[in-house]
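Q: Sharing run.cif here; it has mmCIF, N, CA and C atoms.
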```cif
data_protein
loop_
_atom_site.label_atom_id
_atom_site.label_comp_id
_atom_site.auth_asym_id
_atom_site.auth_seq_id
_atom_site.Cartn_x
_atom_site.Cartn_y
_atom_site.Cartn_z
N VAL A 1 0.83 -1.18 0.00
CA VAL A 1 0.00 0.00 0.00
C VAL A 1 0.88 1.26 0.00
N LYS A 2 1.96 1.27 0.81
CA LYS A 2 2.83 2.45 0.88
C LYS A 2 3.43 2.77 -0.49
N MET A 3 3.80 1.73 -1.20
CA MET A 3 4.42 1.90 -2.51
C MET A 3 3.44 2.58 -3.47
N VAL A 4 2.22 2.13 -3.48
CA VAL A 4 1.20 2.70 -4.37
C VAL A 4 0.85 4.12 -3.94
N MET A 5 0.76 4.35 -2.64
CA MET A 5 0.45 5.70 -2.14
C MET A 5 1.56 6.69 -2.49
N HIS A 6 2.80 6.23 -2.43
CA HIS A 6 3.93 7.08 -2.80
C HIS A 6 3.82 7.47 -4.27
N ALA A 7 3.53 6.50 -5.12
CA ALA A 7 3.38 6.76 -6.55
C ALA A 7 2.18 7.67 -6.83
N ALA A 8 1.10 7.47 -6.11
CA ALA A 8 -0.10 8.28 -6.33
C ALA A 8 0.11 9.72 -5.86
N LYS A 9 0.79 9.89 -4.75
CA LYS A 9 1.02 11.24 -4.22
C LYS A 9 1.87 12.07 -5.16
N TYR A 10 2.84 11.44 -5.79
CA TYR A 10 3.74 12.14 -6.72
C TYR A 10 3.54 11.62 -8.14
N ALA A 11 2.30 11.56 -8.56
CA ALA A 11 1.96 11.00 -9.87
C ALA A 11 2.56 11.80 -11.02
N HIS A 12 2.95 13.02 -10.77
CA HIS A 12 3.53 13.87 -11.82
C HIS A 12 5.01 13.58 -12.07
N GLY A 13 5.62 12.69 -11.28
CA GLY A 13 7.05 12.43 -11.44
C GLY A 13 7.41 11.01 -11.08
N GLU A 14 8.67 10.72 -11.25
CA GLU A 14 9.20 9.40 -10.94
C GLU A 14 9.37 9.26 -9.43
N VAL A 15 9.05 8.09 -8.90
CA VAL A 15 9.27 7.81 -7.49
C VAL A 15 10.10 6.54 -7.34
N THR A 16 10.88 6.51 -6.26
CA THR A 16 11.74 5.38 -5.98
C THR A 16 11.71 5.09 -4.49
N GLY A 17 11.77 3.82 -4.15
CA GLY A 17 11.83 3.42 -2.74
C GLY A 17 12.48 2.07 -2.60
N LEU A 18 12.71 1.67 -1.37
CA LEU A 18 13.38 0.40 -1.09
C LEU A 18 12.39 -0.62 -0.54
N LEU A 19 12.66 -1.87 -0.82
CA LEU A 19 11.85 -2.99 -0.35
C LEU A 19 12.58 -3.67 0.81
N LEU A 20 11.90 -3.90 1.91
CA LEU A 20 12.48 -4.57 3.06
C LEU A 20 11.83 -5.92 3.25
N GLY A 21 12.61 -6.89 3.70
CA GLY A 21 12.06 -8.22 3.94
C GLY A 21 13.14 -9.21 4.26
N HIS A 22 12.90 -10.44 3.82
CA HIS A 22 13.81 -11.55 4.11
C HIS A 22 14.20 -12.25 2.82
N ALA A 23 15.45 -12.68 2.79
CA ALA A 23 15.95 -13.49 1.67
C ALA A 23 16.66 -14.70 2.26
N GLU A 24 16.35 -15.87 1.74
CA GLU A 24 16.99 -17.10 2.20
C GLU A 24 18.46 -17.08 1.78
N PRO A 25 19.38 -17.41 2.69
CA PRO A 25 20.80 -17.44 2.31
C PRO A 25 21.10 -18.43 1.18
N SER A 26 20.31 -19.49 1.09
CA SER A 26 20.55 -20.50 0.04
C SER A 26 20.18 -19.98 -1.34
N GLY A 27 19.30 -18.99 -1.38
CA GLY A 27 18.87 -18.45 -2.66
C GLY A 27 17.86 -19.29 -3.39
N THR A 28 17.31 -20.29 -2.72
CA THR A 28 16.36 -21.18 -3.39
C THR A 28 14.92 -20.69 -3.30
N GLN A 29 14.64 -19.79 -2.39
CA GLN A 29 13.29 -19.26 -2.21
C GLN A 29 13.23 -17.81 -2.66
N PRO A 30 12.08 -17.36 -3.13
CA PRO A 30 11.95 -15.94 -3.49
C PRO A 30 12.03 -15.06 -2.24
N VAL A 31 12.39 -13.81 -2.42
CA VAL A 31 12.42 -12.89 -1.29
C VAL A 31 10.99 -12.66 -0.79
N MET A 32 10.89 -12.39 0.49
CA MET A 32 9.61 -12.06 1.11
C MET A 32 9.65 -10.58 1.46
N ILE A 33 8.79 -9.79 0.82
CA ILE A 33 8.75 -8.35 1.05
C ILE A 33 7.75 -8.07 2.17
N GLU A 34 8.22 -7.38 3.21
CA GLU A 34 7.37 -7.09 4.36
C GLU A 34 7.03 -5.61 4.50
N ASP A 35 7.87 -4.75 3.95
CA ASP A 35 7.65 -3.31 4.12
C ASP A 35 8.38 -2.58 3.00
N VAL A 36 8.03 -1.33 2.81
CA VAL A 36 8.74 -0.48 1.84
C VAL A 36 9.08 0.83 2.52
N ILE A 37 10.15 1.43 2.05
CA ILE A 37 10.57 2.74 2.53
C ILE A 37 10.62 3.68 1.32
N PRO A 38 9.68 4.60 1.21
CA PRO A 38 9.72 5.58 0.12
C PRO A 38 10.98 6.45 0.24
N LEU A 39 11.64 6.70 -0.88
CA LEU A 39 12.86 7.51 -0.85
C LEU A 39 12.70 8.83 -1.59
N PHE A 40 12.64 8.74 -2.91
CA PHE A 40 12.72 9.95 -3.72
C PHE A 40 11.50 10.08 -4.63
N HIS A 41 11.25 11.30 -5.04
CA HIS A 41 10.25 11.54 -6.07
C HIS A 41 10.80 12.51 -7.10
N LYS A 42 12.08 12.33 -7.38
CA LYS A 42 12.74 13.08 -8.45
C LYS A 42 13.81 12.19 -9.05
N THR A 43 13.96 12.23 -10.34
CA THR A 43 14.93 11.40 -11.03
C THR A 43 16.36 11.69 -10.59
N GLU A 44 16.72 12.96 -10.45
CA GLU A 44 18.11 13.30 -10.17
C GLU A 44 18.60 12.79 -8.82
N SER A 45 17.72 12.50 -7.90
CA SER A 45 18.13 12.05 -6.57
C SER A 45 18.71 10.64 -6.59
N LYS A 46 18.38 9.85 -7.60
CA LYS A 46 18.81 8.46 -7.63
C LYS A 46 20.30 8.31 -7.88
N THR A 47 20.94 9.31 -8.43
CA THR A 47 22.37 9.19 -8.73
C THR A 47 23.20 10.13 -7.86
N SER A 48 22.62 10.70 -6.86
CA SER A 48 23.31 11.65 -6.01
C SER A 48 23.84 10.97 -4.75
N PRO A 49 24.67 11.68 -4.00
CA PRO A 49 25.12 11.14 -2.71
C PRO A 49 23.97 10.88 -1.75
N LEU A 50 22.82 11.52 -1.99
CA LEU A 50 21.65 11.25 -1.14
C LEU A 50 21.28 9.77 -1.15
N LEU A 51 21.48 9.12 -2.29
CA LEU A 51 21.15 7.70 -2.38
C LEU A 51 22.03 6.89 -1.44
N GLU A 52 23.32 7.19 -1.41
CA GLU A 52 24.23 6.46 -0.53
C GLU A 52 23.83 6.64 0.93
N VAL A 53 23.49 7.85 1.30
CA VAL A 53 23.06 8.13 2.67
C VAL A 53 21.75 7.39 2.96
N ALA A 54 20.81 7.45 2.03
CA ALA A 54 19.52 6.78 2.21
C ALA A 54 19.72 5.27 2.38
N LEU A 55 20.56 4.66 1.56
CA LEU A 55 20.81 3.22 1.67
C LEU A 55 21.39 2.88 3.04
N ALA A 56 22.33 3.69 3.51
CA ALA A 56 22.95 3.43 4.81
C ALA A 56 21.93 3.57 5.94
N GLN A 57 21.10 4.60 5.88
CA GLN A 57 20.11 4.80 6.93
C GLN A 57 19.06 3.71 6.93
N VAL A 58 18.60 3.33 5.76
CA VAL A 58 17.57 2.28 5.68
C VAL A 58 18.16 0.93 6.09
N GLU A 59 19.41 0.68 5.74
CA GLU A 59 20.07 -0.55 6.16
C GLU A 59 20.14 -0.63 7.69
N SER A 60 20.49 0.50 8.32
CA SER A 60 20.55 0.56 9.78
C SER A 60 19.17 0.34 10.39
N TYR A 61 18.16 1.02 9.85
CA TYR A 61 16.78 0.86 10.33
C TYR A 61 16.32 -0.59 10.17
N ALA A 62 16.60 -1.17 9.00
CA ALA A 62 16.15 -2.54 8.72
C ALA A 62 16.75 -3.52 9.73
N SER A 63 18.01 -3.33 10.08
CA SER A 63 18.65 -4.25 11.02
C SER A 63 17.98 -4.21 12.39
N THR A 64 17.43 -3.06 12.78
CA THR A 64 16.74 -2.97 14.07
C THR A 64 15.39 -3.68 14.03
N LYS A 65 14.85 -3.88 12.83
CA LYS A 65 13.56 -4.54 12.66
C LYS A 65 13.69 -6.01 12.27
N GLY A 66 14.93 -6.50 12.14
CA GLY A 66 15.15 -7.89 11.79
C GLY A 66 14.89 -8.22 10.33
N VAL A 67 14.99 -7.22 9.48
CA VAL A 67 14.81 -7.41 8.04
C VAL A 67 16.03 -6.85 7.31
N GLN A 68 16.04 -6.96 6.01
CA GLN A 68 17.12 -6.42 5.20
C GLN A 68 16.54 -5.79 3.94
N ILE A 69 17.35 -5.01 3.27
CA ILE A 69 16.93 -4.46 1.98
C ILE A 69 16.97 -5.59 0.97
N VAL A 70 15.82 -5.85 0.32
CA VAL A 70 15.74 -6.96 -0.63
C VAL A 70 15.44 -6.47 -2.05
N GLY A 71 15.39 -5.16 -2.24
CA GLY A 71 15.14 -4.65 -3.58
C GLY A 71 14.69 -3.21 -3.55
N LEU A 72 14.21 -2.76 -4.70
CA LEU A 72 13.69 -1.41 -4.80
C LEU A 72 12.48 -1.38 -5.71
N TYR A 73 11.73 -0.31 -5.60
CA TYR A 73 10.58 -0.11 -6.48
C TYR A 73 10.71 1.24 -7.14
N GLN A 74 10.04 1.34 -8.28
CA GLN A 74 10.06 2.60 -9.02
C GLN A 74 8.78 2.72 -9.84
N ALA A 75 8.29 3.94 -9.92
CA ALA A 75 7.24 4.30 -10.87
C ALA A 75 7.85 5.39 -11.74
N ASN A 76 7.85 5.18 -13.03
CA ASN A 76 8.44 6.14 -13.94
C ASN A 76 7.57 7.38 -14.08
N GLU A 77 8.16 8.43 -14.61
CA GLU A 77 7.47 9.71 -14.71
C GLU A 77 6.31 9.69 -15.70
N ARG A 78 6.56 9.13 -16.88
CA ARG A 78 5.53 9.16 -17.93
C ARG A 78 4.60 7.95 -17.82
N ASN A 79 3.36 8.16 -18.14
CA ASN A 79 2.36 7.10 -18.08
C ASN A 79 2.67 5.95 -19.03
N ASP A 80 3.29 6.26 -20.15
CA ASP A 80 3.57 5.22 -21.16
C ASP A 80 4.97 4.61 -21.01
N ASP A 81 5.68 4.92 -19.92
CA ASP A 81 7.04 4.42 -19.71
C ASP A 81 7.03 3.34 -18.64
N GLY A 82 7.11 2.10 -19.07
CA GLY A 82 7.17 0.98 -18.14
C GLY A 82 8.52 0.30 -18.16
N ASP A 83 9.52 1.01 -18.71
CA ASP A 83 10.85 0.42 -18.86
C ASP A 83 11.65 0.45 -17.57
N LEU A 84 12.58 -0.47 -17.49
CA LEU A 84 13.55 -0.52 -16.40
C LEU A 84 14.76 0.29 -16.85
N HIS A 85 14.97 1.43 -16.24
CA HIS A 85 16.03 2.35 -16.67
C HIS A 85 17.41 1.91 -16.17
N LEU A 86 18.45 2.36 -16.85
CA LEU A 86 19.82 1.98 -16.53
C LEU A 86 20.19 2.34 -15.10
N ASP A 87 19.84 3.54 -14.64
CA ASP A 87 20.20 3.92 -13.28
C ASP A 87 19.46 3.08 -12.24
N THR A 88 18.27 2.62 -12.55
CA THR A 88 17.53 1.73 -11.66
C THR A 88 18.23 0.37 -11.58
N LYS A 89 18.70 -0.12 -12.72
CA LYS A 89 19.45 -1.38 -12.74
C LYS A 89 20.71 -1.26 -11.89
N ARG A 90 21.37 -0.12 -11.98
CA ARG A 90 22.59 0.09 -11.19
C ARG A 90 22.31 0.06 -9.70
N ILE A 91 21.21 0.68 -9.29
CA ILE A 91 20.85 0.65 -7.87
C ILE A 91 20.54 -0.79 -7.46
N GLY A 92 19.85 -1.52 -8.30
CA GLY A 92 19.58 -2.93 -8.03
C GLY A 92 20.87 -3.72 -7.86
N ASP A 93 21.86 -3.42 -8.68
CA ASP A 93 23.16 -4.10 -8.57
C ASP A 93 23.85 -3.76 -7.25
N VAL A 94 23.74 -2.51 -6.83
CA VAL A 94 24.33 -2.10 -5.54
C VAL A 94 23.66 -2.87 -4.40
N ILE A 95 22.35 -2.99 -4.45
CA ILE A 95 21.62 -3.72 -3.41
C ILE A 95 22.04 -5.19 -3.41
N ARG A 96 22.22 -5.75 -4.59
CA ARG A 96 22.67 -7.14 -4.68
C ARG A 96 24.04 -7.32 -4.04
N GLU A 97 24.94 -6.36 -4.26
CA GLU A 97 26.29 -6.45 -3.69
C GLU A 97 26.29 -6.28 -2.17
N LYS A 98 25.47 -5.34 -1.67
CA LYS A 98 25.49 -5.01 -0.25
C LYS A 98 24.57 -5.87 0.61
N SER A 99 23.49 -6.38 0.03
CA SER A 99 22.47 -7.02 0.86
C SER A 99 22.21 -8.47 0.49
N THR A 100 21.66 -8.71 -0.69
CA THR A 100 21.32 -10.08 -1.09
C THR A 100 21.40 -10.23 -2.61
N GLN A 101 21.91 -11.35 -3.04
CA GLN A 101 21.98 -11.65 -4.48
C GLN A 101 20.58 -11.91 -5.05
N GLN A 102 19.60 -12.07 -4.21
CA GLN A 102 18.23 -12.32 -4.64
C GLN A 102 17.42 -11.03 -4.80
N ALA A 103 18.08 -9.89 -4.72
CA ALA A 103 17.37 -8.61 -4.79
C ALA A 103 16.49 -8.53 -6.03
N CYS A 104 15.38 -7.83 -5.90
CA CYS A 104 14.46 -7.66 -7.01
C CYS A 104 14.16 -6.18 -7.23
N ILE A 105 13.64 -5.88 -8.38
CA ILE A 105 13.18 -4.53 -8.72
C ILE A 105 11.72 -4.65 -9.12
N ILE A 106 10.89 -3.81 -8.55
CA ILE A 106 9.48 -3.78 -8.93
C ILE A 106 9.20 -2.45 -9.61
N ILE A 107 8.66 -2.53 -10.81
CA ILE A 107 8.24 -1.34 -11.54
C ILE A 107 6.72 -1.25 -11.44
N ILE A 108 6.25 -0.09 -11.03
CA ILE A 108 4.81 0.16 -11.01
C ILE A 108 4.42 0.60 -12.41
N ASP A 109 3.55 -0.15 -13.04
CA ASP A 109 3.09 0.16 -14.39
C ASP A 109 2.05 1.26 -14.30
N ASN A 110 2.44 2.48 -14.64
CA ASN A 110 1.56 3.64 -14.49
C ASN A 110 0.27 3.50 -15.29
N GLU A 111 0.38 3.04 -16.51
CA GLU A 111 -0.82 2.87 -17.33
C GLU A 111 -1.74 1.81 -16.72
N GLY A 112 -1.15 0.72 -16.26
CA GLY A 112 -1.93 -0.32 -15.60
C GLY A 112 -2.55 0.17 -14.30
N PHE A 113 -1.81 1.01 -13.58
CA PHE A 113 -2.32 1.59 -12.33
C PHE A 113 -3.54 2.46 -12.62
N THR A 114 -3.46 3.28 -13.67
CA THR A 114 -4.59 4.12 -14.07
C THR A 114 -5.79 3.25 -14.44
N ASN A 115 -5.54 2.19 -15.20
CA ASN A 115 -6.62 1.28 -15.61
C ASN A 115 -7.22 0.53 -14.42
N LEU A 116 -6.40 0.20 -13.44
CA LEU A 116 -6.89 -0.46 -12.24
C LEU A 116 -7.83 0.48 -11.47
N LEU A 117 -7.41 1.73 -11.31
CA LEU A 117 -8.23 2.70 -10.58
C LEU A 117 -9.56 2.98 -11.28
N SER A 118 -9.54 2.92 -12.61
CA SER A 118 -10.77 3.19 -13.36
C SER A 118 -11.66 1.94 -13.47
N GLY A 119 -11.17 0.81 -12.98
CA GLY A 119 -11.95 -0.42 -13.01
C GLY A 119 -11.86 -1.20 -14.32
N GLU A 120 -10.97 -0.76 -15.22
CA GLU A 120 -10.84 -1.45 -16.51
C GLU A 120 -10.13 -2.79 -16.39
N ILE A 121 -9.24 -2.93 -15.40
CA ILE A 121 -8.54 -4.20 -15.18
C ILE A 121 -8.61 -4.52 -13.69
N SER A 122 -8.31 -5.76 -13.34
CA SER A 122 -8.33 -6.14 -11.93
C SER A 122 -6.98 -6.66 -11.44
N GLU A 123 -6.02 -6.89 -12.35
CA GLU A 123 -4.72 -7.39 -11.89
C GLU A 123 -3.85 -6.23 -11.40
N LEU A 124 -2.97 -6.56 -10.48
CA LEU A 124 -2.09 -5.54 -9.90
C LEU A 124 -1.09 -5.06 -10.94
N PRO A 125 -0.82 -3.76 -10.97
CA PRO A 125 0.02 -3.19 -12.03
C PRO A 125 1.51 -3.16 -11.68
N PHE A 126 2.07 -4.31 -11.36
CA PHE A 126 3.49 -4.39 -11.01
C PHE A 126 4.23 -5.32 -11.95
N LYS A 127 5.47 -4.96 -12.25
CA LYS A 127 6.36 -5.84 -13.01
C LYS A 127 7.57 -6.10 -12.13
N ALA A 128 7.86 -7.37 -11.86
CA ALA A 128 9.01 -7.73 -11.05
C ALA A 128 10.17 -8.15 -11.95
N TYR A 129 11.36 -7.69 -11.58
CA TYR A 129 12.57 -8.02 -12.32
C TYR A 129 13.56 -8.69 -11.38
N LEU A 130 14.22 -9.73 -11.90
CA LEU A 130 15.28 -10.43 -11.19
C LEU A 130 16.52 -10.45 -12.07
N ARG A 131 17.66 -10.52 -11.44
CA ARG A 131 18.91 -10.57 -12.19
C ARG A 131 19.21 -12.03 -12.52
N LYS A 132 19.22 -12.33 -13.82
CA LYS A 132 19.49 -13.69 -14.28
C LYS A 132 20.45 -13.62 -15.45
N GLY A 133 21.51 -14.41 -15.40
CA GLY A 133 22.46 -14.46 -16.49
C GLY A 133 23.08 -13.10 -16.82
N GLY A 134 23.30 -12.30 -15.81
CA GLY A 134 23.94 -11.00 -16.02
C GLY A 134 23.02 -9.88 -16.45
N GLU A 135 21.73 -10.15 -16.56
CA GLU A 135 20.76 -9.13 -16.99
C GLU A 135 19.58 -9.09 -16.05
N TRP A 136 18.97 -7.93 -15.92
CA TRP A 136 17.70 -7.81 -15.19
C TRP A 136 16.58 -8.19 -16.14
N THR A 137 15.84 -9.24 -15.80
CA THR A 137 14.77 -9.70 -16.68
C THR A 137 13.44 -9.78 -15.91
N ALA A 138 12.35 -9.53 -16.62
CA ALA A 138 11.03 -9.61 -16.02
C ALA A 138 10.74 -11.06 -15.63
N SER A 139 10.14 -11.23 -14.47
CA SER A 139 9.82 -12.60 -14.05
C SER A 139 8.33 -12.82 -13.99
#
```
Would you mind writing the structure in this file as structure tokens?
A:
Amino acid sequence: VKMVMHAAKYAHGEVTGLLLGHAEPSGTQPVMIEDVIPLFHKTESKTSPLLEVALAQVESYASTKGVQIVGLYQANERNDDGDLHLDTKRIGDVIREKSTQQACIIIIDNEGFTNLLSGEISELPFKAYLRKGGEWTAS
């Protein structure tokens, strides 16, 4: 719910946040997402030192709650843009290095979100990406 509310509140721009949960050390089970931490609602913030500070603070917070950073979410600025951008992939790679190799990226499909709100569709408007064979691919 927090992820969707973040995207709805800043519907005029791109939003990014972190996913918190659990990942099995064996890597045989999918990550379990328990909470999200909204971060930014501007594109330029994702490549700034603010991201490093945000990751460190959220990592510290997560450890007090017994969870870890297991991925990130993003809603792109334009309604017709459902792509996974290069800078988002890079952040996903950083999370994989620092937290878990099972990290995922969730893209909120803006067009699908609009259609869901209008009652045209009933499926959730999310696309999940996992890193497989050196590439982030939709799962």
Q: With the file shown as input, list the residues that the PyMOL selection byres ((chain A and resi 32-37) around 6.5) selects, as a PyMOL selection string.
A: chain A and resi 3+16-23+30-31+38-39
Q: Using DSSP secondary structure from the backbone, list all helix (DSSP H, G or I) positions within segment 46-139 of chain A, as a PyMOL selection string.
A: chain A and resi 46-47+49-65+86-98+110-117
Q: For Ala11 of chain A, find every residue with an atom within 12 Å (counting only C-alpha atoms), except residues of its own chain fewer than 6 positions away, and show them as an MDAnalysis selection string.
A: chainID A and resid 3:5 41:42 74:79 108:111 113:114
Q: Can you measure atom N of Val94 of chain A to atom N of Gly71 of chain A for me? One decimal in Å is fine.
A: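 It comes out at 9.9 Å.
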Q: List the spatial neighbours of segment 118-132 of chain A as an MDAnalysis selection string - criterion: any atom at most 6 Å away, only C-alpha atoms, same-chain residues fewer than 4 positions off excluded.
A: chainID A and resid 104:109 112:113 136:139
Q: Mind giving me the axis-aligned box for segment 5-17 of chain A with 3 Å on every side, centre plus edges in Å to one decimal, as lines of an AutoDock Vina configuration file?
A:
```
center_x = 6.2
center_y = 8.0
center_z = -7.1
size_x = 18.6
size_y = 17.8
size_z = 15.9
```
Q: What are the DSSP strand (DSSP E or B) residues of chain A, as a ChimeraX atom specification?
A: /A:15-22,32-40,68-75,104-108,126-132,135-138
Q: What does the distance between atom N of Gln101 of chain A and atom N of Glu14 of chain A come to in Å, to one decimal place?
A: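 According to the coordinates, atom N of Gln101 of chain A and atom N of Glu14 of chain A are separated by 27.0 Å.
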Q: Expressed in Å to a single decimal, how great is the separation between atom CA of Gly92 of chain A and atom CA of Glu135 of chain A?
A: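 Rounded to one decimal, the two atoms are 11.0 Å apart.
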Q: Please determine, counting all atoms listed in the file, which residue among A:Leu117, A:Gln102, A:Arg96, A:Asp81 has the shortest atom-to-atom distance to Gly27 of chain A.
A: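 Smallest separation from Gly27 of chain A among the options: A:Gln102.
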